[in-house]
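Chemist: Input final33.json, format and content: JSON, C-alpha atoms.
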```json
[["chain", "number", "residue", "atom", "x", "y", "z"],
["A", 58, "MET", "CA", 65.81, -5.70, -48.65],
["A", 59, "SER", "CA", 63.01, -3.39, -49.71],
["A", 60, "GLY", "CA", 60.27, -3.38, -52.27],
["A", 61, "ARG", "CA", 56.66, -2.73, -53.10],
["A", 62, "VAL", "CA", 53.90, -4.58, -51.33],
["A", 63, "GLY", "CA", 51.45, -6.19, -53.73],
["A", 64, "GLY", "CA", 52.26, -3.76, -56.52],
["A", 65, "GLY", "CA", 50.23, -1.00, -54.86],
["A", 66, "THR", "CA", 50.98, 2.69, -55.28],
["A", 67, "GLY", "CA", 53.03, 4.11, -52.41],
["A", 68, "VAL", "CA", 53.08, 0.85, -50.41],
["A", 69, "TYR", "CA", 56.46, -0.60, -49.43],
["A", 70, "GLU", "CA", 58.18, -2.96, -47.03],
["A", 71, "VAL", "CA", 61.72, -2.91, -45.71],
["A", 72, "ILE", "CA", 63.01, -6.23, -44.37],
["A", 73, "PHE", "CA", 66.00, -6.36, -42.00],
["A", 74, "ASP", "CA", 68.25, -9.25, -41.02],
["A", 75, "ARG", "CA", 66.95, -9.20, -37.43],
["A", 76, "ASP", "CA", 63.88, -8.66, -35.29],
["A", 77, "VAL", "CA", 62.87, -4.97, -35.12],
["A", 78, "THR", "CA", 59.83, -5.30, -32.83],
["A", 79, "GLU", "CA", 61.66, -3.61, -29.93],
["A", 80, "CYS", "CA", 63.01, -0.82, -32.16],
["A", 81, "SER", "CA", 61.56, 2.54, -33.12],
["A", 82, "TRP", "CA", 61.34, 3.76, -36.69],
["A", 83, "VAL", "CA", 60.45, 6.88, -38.59],
["A", 84, "ALA", "CA", 60.21, 7.52, -42.33],
["A", 85, "SER", "CA", 60.40, 10.82, -44.19],
["A", 86, "ILE", "CA", 60.02, 11.77, -47.82],
["A", 87, "GLY", "CA", 63.46, 11.98, -49.41],
["A", 88, "ALA", "CA", 64.97, 13.08, -52.67],
["A", 89, "GLY", "CA", 65.45, 10.27, -55.16],
["A", 90, "ASN", "CA", 68.52, 10.25, -57.41],
["A", 91, "GLY", "CA", 69.38, 13.80, -56.35],
["A", 92, "THR", "CA", 66.13, 15.20, -57.73],
["A", 93, "ASN", "CA", 63.17, 16.91, -56.11],
["A", 94, "SER", "CA", 60.84, 14.16, -54.87],
["A", 95, "GLY", "CA", 57.80, 16.35, -54.36],
["A", 96, "ARG", "CA", 56.11, 16.94, -51.05],
["A", 97, "GLY", "CA", 54.25, 14.24, -49.20],
["A", 98, "PHE", "CA", 53.77, 12.22, -46.05],
["A", 99, "THR", "CA", 54.67, 8.78, -44.72],
["A", 100, "ARG", "CA", 53.14, 6.26, -42.37],
["A", 101, "THR", "CA", 54.97, 3.33, -40.82],
["A", 102, "ALA", "CA", 54.06, 0.15, -38.95],
["A", 103, "LEU", "CA", 55.53, -3.22, -38.07],
["A", 104, "ARG", "CA", 55.18, -5.49, -41.11],
["A", 105, "GLY", "CA", 52.30, -7.83, -40.23],
["A", 106, "ASN", "CA", 53.52, -11.33, -39.44],
["A", 107, "ASN", "CA", 57.18, -10.48, -40.05],
["A", 108, "ASP", "CA", 59.10, -9.33, -36.95],
["A", 109, "SER", "CA", 61.97, -8.25, -39.23],
["A", 110, "GLY", "CA", 59.96, -5.91, -41.43],
["A", 111, "VAL", "CA", 58.68, -2.34, -41.44],
["A", 112, "PHE", "CA", 55.73, -1.26, -43.59],
["A", 113, "VAL", "CA", 56.02, 2.20, -45.18],
["A", 114, "ALA", "CA", 53.21, 3.98, -47.02],
["A", 115, "THR", "CA", 53.77, 7.24, -48.90],
["A", 116, "TYR", "CA", 51.19, 9.88, -49.79],
["A", 117, "ASP", "CA", 50.99, 13.17, -51.63],
["A", 118, "THR", "CA", 49.89, 16.40, -49.94],
["A", 119, "ASN", "CA", 46.23, 15.54, -50.66],
["A", 120, "ASP", "CA", 46.62, 12.31, -48.64],
["A", 121, "ALA", "CA", 46.29, 10.18, -51.80],
["A", 122, "ASP", "CA", 48.52, 7.13, -52.31],
["A", 123, "ALA", "CA", 51.61, 8.27, -54.22],
["A", 124, "ASP", "CA", 55.00, 6.76, -55.03],
["A", 125, "ARG", "CA", 57.55, 8.87, -53.20],
["A", 126, "PRO", "CA", 61.18, 8.12, -52.35],
["A", 127, "PHE", "CA", 61.70, 7.88, -48.60],
["A", 128, "HIS", "CA", 64.33, 7.58, -45.90],
["A", 129, "LEU", "CA", 63.71, 5.10, -43.08],
["A", 130, "HIS", "CA", 65.53, 5.52, -39.77],
["A", 131, "VAL", "CA", 65.43, 2.56, -37.39],
["A", 132, "HIS", "CA", 66.82, 2.84, -33.86],
["A", 133, "CYS", "CA", 67.29, -0.27, -31.73]]
```
Written as structure tokens, how would this file's structure read?
Modeler:
Amino acid sequence: MSGRVGGGTGVYEVIFDRDVTECSWVASIGAGNGTNSGRGFTRTALRGNNDSGVFVATYDTNDADADRPFHLHVHC
């Protein structure tokens, strides 16, 4: 399951059906619906008090919060 966190711009969470604290993860900006998504950056972290979640934030090239489609790779 994935979705926005608190309705903020460029702030998302991805929740898995298991604990991901011992996993590694990386996010990258990805094309949405086969279109150009624009350039940008991502940051990831474990989702606060949820061992099954990953926090993803997306930014534009000026480091401002921006909604960007992303790909999240998790390796356990």
Chemist: Pick out the residues sitting within 9 Å of stretch 129-131 of chain A, and hand them over as a PDB file with C-alpha atoms, keeping the file's coordinate frame; count only C-alpha atoms, and ignore anything fewer than 6 positions along from it in its own chain.
Modeler:
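What ended up in result11.pdb:
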```
ATOM      1  CA  VAL A  71      61.720  -2.910 -45.710  1.00  0.00           C
ATOM      2  CA  VAL A  77      62.870  -4.970 -35.120  1.00  0.00           C
ATOM      3  CA  CYS A  80      63.010  -0.820 -32.160  1.00  0.00           C
ATOM      4  CA  SER A  81      61.560   2.540 -33.120  1.00  0.00           C
ATOM      5  CA  TRP A  82      61.340   3.760 -36.690  1.00  0.00           C
ATOM      6  CA  VAL A  83      60.450   6.880 -38.590  1.00  0.00           C
ATOM      7  CA  ALA A  84      60.210   7.520 -42.330  1.00  0.00           C
ATOM      8  CA  SER A  85      60.400  10.820 -44.190  1.00  0.00           C
ATOM      9  CA  ILE A  86      60.020  11.770 -47.820  1.00  0.00           C
ATOM     10  CA  VAL A 113      56.020   2.200 -45.180  1.00  0.00           C
TER      11      VAL A 113
END
```
Chemist: Point out the residue among A:Phe73, A:Thr66, A:Thr115, A:Ala102 with the least atom-to-atom distance to A:His128, counting all atoms listed in the file.
Modeler: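 Counting all atoms listed in the file, the residue closest to A:His128 is A:Thr115.
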Chemist: Go through A:Ala88, A:Ser59, A:Ile72, A:Gly67 one by one, measure the shortest atom-to-atom distance of each to A:Gly110 using only C-alpha atoms, and give the residue with the smallest value.
Modeler: A:Ile72
Chemist: Please report the interatomic distance between atom CA of A:Asp124 and atom CA of A:Gly65 in Å with one decimal.
Modeler: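 We find that atom CA of A:Asp124 and atom CA of A:Gly65 lie 9.1 Å from each other.
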Chemist: Which residue is closest to A:His132? Choose from A:Glu79, A:Asp120, A:Asp74, A:Asp108 and count all atoms listed in the file.
Modeler: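 Residue with the minimum atom-to-atom distance to A:His132: A:Glu79.
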Chemist: Between atom CA of A:Arg96 and atom CA of A:Gly60, what is the spacing in Å?
Modeler: 20.8 Å
Chemist: As an exercise, work out the distance from atom CA of A:Gly64 to atom CA of A:Cys133 in Å and give it to one decimal place.
Modeler: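 Atom CA of A:Cys133 lies 29.2 Å from atom CA of A:Gly64.
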Chemist: For A:Tyr116, which residue out of A:Arg100, A:Met58, A:Thr78, A:Glu70 is the nearest one, using all atoms listed in the file?
Modeler: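 Using all atoms listed in the file, the shortest distance to A:Tyr116 belongs to A:Arg100.
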Chemist: Give me the residues near A:Gly87 as number ranges by chain, where near means some atom within 8 Å (using all atoms listed in the file) and where sequence neighbours in that chain fewer than 4 positions away do not count.
Modeler: A: 94, 125-128
Chemist: Box time for stretch 116-127 of chain A: axis-aligned, enclosing all its listed atoms, 3 Å extra on each side; report centre and edge lengths in Å to one decimal, as lines of an AutoDock Vina configuration file.
Modeler:
```
center_x = 54.0
center_y = 11.6
center_z = -51.8
size_x = 21.5
size_y = 15.6
size_z = 12.4
```
Chemist: Between A:Arg61, A:Ala123, A:Gly97, A:Val111, which residue has the minimum interatomic distance to A:Arg75, considering only C-alpha atoms?
Modeler: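 Checking each of A:Arg61, A:Ala123, A:Gly97, A:Val111 against A:Arg75, counting only C-alpha atoms, the winner is A:Val111.
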